[in-house]
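A short write-up of the structure that comes next.
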Amino acid sequence: MLPHLDAAHNLARWLMRDPASAEDVLQEAMLRALTYFPSFRGVNPRGWLLQIVRNTAYASMNLNRGVELVSLTSAPDEGNDVIAQLPSGDDDPETTLIKTRERDRVRQMIAALPIELRETLVLRELEELSYKEIAEVTRMPIGTVMSRLWRARRLLAQAARRDEAA
Amino acid sequence: MSTMPDCDKVLLVQAELDGELGAAEAAALAAHCAECPICETAAAELMQARALMRDGLYQPAPEDVRQRVMASLSAARPQQAQSAHAAAPRFSQWWRGWWSNGASFGLGAACAAALAFLLLTPALPPGLTDQVVASHVRALQPGHLEDVASEDRHTVKPWFDGRLDFAPPVKDLVAERFPLIGGRLDYLDGRPVAALVYQRDKHVINLFVWPGAGDTPPQTAERQGYNLMHWSQGGMSFWAVSDVEAAQLKEFAADWRKTP
């Protein structure tokens, strides 16, 4: 079981645009974590690692400014599909296909959110961090975490409604 | 689209859905929501957004990525070992009993331990940790601690018969200065669980037990001034929570695990 590595990868993958740059960020973040571990004094190693991943991702995006333009219609990449298309075992192929398509659409909607909303949403819904933990990872006041989360969810719900109407 | 909610309670509605509100705040909010159409709409919208993210979106590290990361970390170890060395004393406390020194011998033990700490420590599910603490606190309210009050495990164990769909192990730890004082039913992780109540001096230790796979060594956590330990053993999942010192709770877990 390597759950911290999974958490680190999940965040890196949602912050970065493609699997390759997510892996670069992950590598860099894990090395930093190893180097700085002696100065770690907290009780929440996962939150600490996620903070490092986030800092590394932001640093990488600044370095590559211009390359990281957000595309609203960006197609899901292969790395995603491998997981998304694993059959769940008890569904017939058609149901599985519909579920996969829905998931891809939701994934695109989330990917289209501004990064500060996206990271808050991912930390809450996928990493299941508390508001306080998100505030620590993102170094934002809890009030900001709450309003970002609210905006992210509202945009997501609106995108889903537009998607249904289309 | 406006970026601020139209009713100043909307963020509280969200906090309630995220399990961030205490009972009193939640009750006050429920009264407000019954009369506020804005909050009602907001709650529906928030639930819709949450439903969209219910499953299939988590992106764990694929096996090839994992292997490349591990390889590069291993390669970095010799250089890092020096800087990681300072962590050794503090680390050994965390690590006692569940990191095999053999594995790291010769590679810079502290560094290997740091790696293992980052990579191998199974994360305590944050939601569950909070639930366990909440149950502990609730149990400490007058009259809530035990449904069956007895120091005799042969009384406590049969009491659970027919009340749970499993038979929790009940152990007597008097010799280790953790007398059993009773048991009760509780509800955690979406299922009924056994709660065994032990005591150390004036402190109460709640031990929650329910069926769980695997055999995992004790992990520690701290919430709101309470210490927690979690481990799995013999097909059961255990959560101990108390206001005793972390060292004593570790002792409790160790005694429990070695007592037949």
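Every chain in the structure tokens takes a letter, A first, then B, and so on in the order presented; its residues are numbered from 1, and the ligands are numbered from 1 following the presented order.
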Query raised in the report: If you count only C-alpha atoms, which residues fall within 9 Å of region 154-164 of chain A, apart from same-chain ones fewer than 2 positions away, as a ChimeraX atom specification?
Result: /A:105-106,109-110,113,149-152,166 /B:42,45-50,52
Writing out the chosen residues with C-alpha atoms as a short mmCIF file (atom, residue, chain, number, x, y, z; two decimals), in the first residue's frame:
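Output file result23.cif follows:
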data_model
loop_
_atom_site.label_atom_id
_atom_site.label_comp_id
_atom_site.auth_asym_id
_atom_site.auth_seq_id
_atom_site.Cartn_x
_atom_site.Cartn_y
_atom_site.Cartn_z
CA ARG A 105 -17.48 14.62 -19.24
CA VAL A 106 -17.31 15.33 -15.51
CA MET A 109 -15.80 20.00 -16.53
CA ILE A 110 -13.52 19.82 -13.50
CA LEU A 113 -12.32 25.05 -13.63
CA LEU A 149 -15.39 25.31 -2.80
CA TRP A 150 -18.80 26.87 -3.18
CA ARG A 151 -17.87 28.53 -6.46
CA ALA A 152 -16.27 25.35 -7.79
CA ALA A 166 -27.12 20.47 -25.09
CA ALA B 42 -28.10 26.06 -2.89
CA GLU B 45 -27.05 22.51 -6.31
CA LEU B 46 -24.29 21.48 -3.93
CA MET B 47 -25.65 17.96 -3.73
CA GLN B 48 -25.81 17.77 -7.48
CA ALA B 49 -22.16 18.82 -7.74
CA ARG B 50 -21.14 16.29 -5.11
CA LEU B 52 -21.13 14.22 -10.03
#
Set out as JSON lines a contact list for chain A and chain B with a cut-off of 7 Å, giving each residue of chain A that qualifies its closest atom pair and distance in Å to one decimal, counting only C-alpha atoms, ordered by chain and rising residue number.
{"residue": "A:Met1", "atom": "CA", "partner": "B:Leu120", "partner_atom": "CA", "distance": 6.1}
{"residue": "A:Leu2", "atom": "CA", "partner": "B:Leu119", "partner_atom": "CA", "distance": 5.1}
{"residue": "A:Pro3", "atom": "CA", "partner": "B:Pro122", "partner_atom": "CA", "distance": 5.8}
{"residue": "A:His4", "atom": "CA", "partner": "B:Leu119", "partner_atom": "CA", "distance": 5.5}
{"residue": "A:Leu5", "atom": "CA", "partner": "B:Leu119", "partner_atom": "CA", "distance": 5.9}
{"residue": "A:Asp6", "atom": "CA", "partner": "B:Pro60", "partner_atom": "CA", "distance": 4.3}
{"residue": "A:Ala7", "atom": "CA", "partner": "B:Pro60", "partner_atom": "CA", "distance": 6.7}
{"residue": "A:His9", "atom": "CA", "partner": "B:Ala61", "partner_atom": "CA", "distance": 5.3}
{"residue": "A:Asn10", "atom": "CA", "partner": "B:Gln59", "partner_atom": "CA", "distance": 4.6}
{"residue": "A:Glu23", "atom": "CA", "partner": "B:Val65", "partner_atom": "CA", "distance": 6.9}
{"residue": "A:Gln27", "atom": "CA", "partner": "B:Val69", "partner_atom": "CA", "distance": 5.7}
{"residue": "A:Leu31", "atom": "CA", "partner": "B:Leu73", "partner_atom": "CA", "distance": 6.5}
{"residue": "A:Leu34", "atom": "CA", "partner": "B:Leu115", "partner_atom": "CA", "distance": 6.6}
{"residue": "A:Thr35", "atom": "CA", "partner": "B:Gln80", "partner_atom": "CA", "distance": 6.2}
{"residue": "A:Phe37", "atom": "CA", "partner": "B:Ala114", "partner_atom": "CA", "distance": 6.7}
{"residue": "A:Pro38", "atom": "CA", "partner": "B:Ala87", "partner_atom": "CA", "distance": 4.7}
{"residue": "A:Pro45", "atom": "CA", "partner": "B:Leu118", "partner_atom": "CA", "distance": 6.9}
{"residue": "A:Ala84", "atom": "CA", "partner": "B:Gly56", "partner_atom": "CA", "distance": 6.6}
{"residue": "A:Arg103", "atom": "CA", "partner": "B:Gly56", "partner_atom": "CA", "distance": 6.9}
{"residue": "A:Val106", "atom": "CA", "partner": "B:Leu52", "partner_atom": "CA", "distance": 6.8}
{"residue": "A:Leu126", "atom": "CA", "partner": "B:Tyr58", "partner_atom": "CA", "distance": 6.1}
{"residue": "A:Leu129", "atom": "CA", "partner": "B:Pro126", "partner_atom": "CA", "distance": 6.9}
{"residue": "A:Met146", "atom": "CA", "partner": "B:Leu11", "partner_atom": "CA", "distance": 6.5}
{"residue": "A:Ser147", "atom": "CA", "partner": "B:Leu11", "partner_atom": "CA", "distance": 7.0}
{"residue": "A:Arg151", "atom": "CA", "partner": "B:Thr3", "partner_atom": "CA", "distance": 6.6}
{"residue": "A:Arg153", "atom": "CA", "partner": "B:Ala49", "partner_atom": "CA", "distance": 5.3}
{"residue": "A:Arg154", "atom": "CA", "partner": "B:Glu45", "partner_atom": "CA", "distance": 6.7}
{"residue": "A:Leu156", "atom": "CA", "partner": "B:Ala49", "partner_atom": "CA", "distance": 5.9}
{"residue": "A:Ala157", "atom": "CA", "partner": "B:Ala49", "partner_atom": "CA", "distance": 5.0}
Query raised in the report: Given the choices A:Ala20, A:Ala33, A:Val145, A:Ala111, which gets closest to Leu50 (chain A) if the distance is worked out from only C-alpha atoms?
Result: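 Comparing A:Ala20, A:Ala33, A:Val145, A:Ala111 against Leu50 (chain A), the winner is A:Ala33.
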**Report entry** Exercise: region 141-156 of chain B partners within 8 Å, only C-alpha atoms, chain neighbours under 3 positions left out, as a PyMOL selection string
**Finding:** chain B and resi 137-138+159-160+170-172+179-185+197
Please write the residues from the selection above to a file, keeping C-alpha atoms, as a CSV table (one decimal), in the first residue's frame.
chain,number,residue,atom,x,y,z
B,137,VAL,CA,-16.9,12.4,23.2
B,138,ARG,CA,-20.5,11.5,23.0
B,159,TRP,CA,-24.0,-9.2,25.9
B,160,PHE,CA,-23.1,-8.5,22.3
B,170,VAL,CA,-13.2,-9.0,24.6
B,171,LYS,CA,-10.0,-9.1,26.6
B,172,ASP,CA,-9.2,-8.6,30.3
B,179,PRO,CA,-9.4,-2.7,33.7
B,180,LEU,CA,-12.4,-3.4,31.6
B,181,ILE,CA,-15.5,-1.4,32.8
B,182,GLY,CA,-18.1,-2.3,30.2
B,183,GLY,CA,-19.3,-2.3,26.6
B,184,ARG,CA,-22.0,-0.7,24.5
B,185,LEU,CA,-23.2,-0.6,20.9
B,197,VAL,CA,-14.7,0.6,27.6
Query raised in the report: Looking only at the backbone, which of the residues in chain A does DSSP tag as helix (DSSP H, G or I), as a ChimeraX atom specification?
Result: /A:3-15,19-39,45-63,78-84,93-111,115-126,131-138,142-165
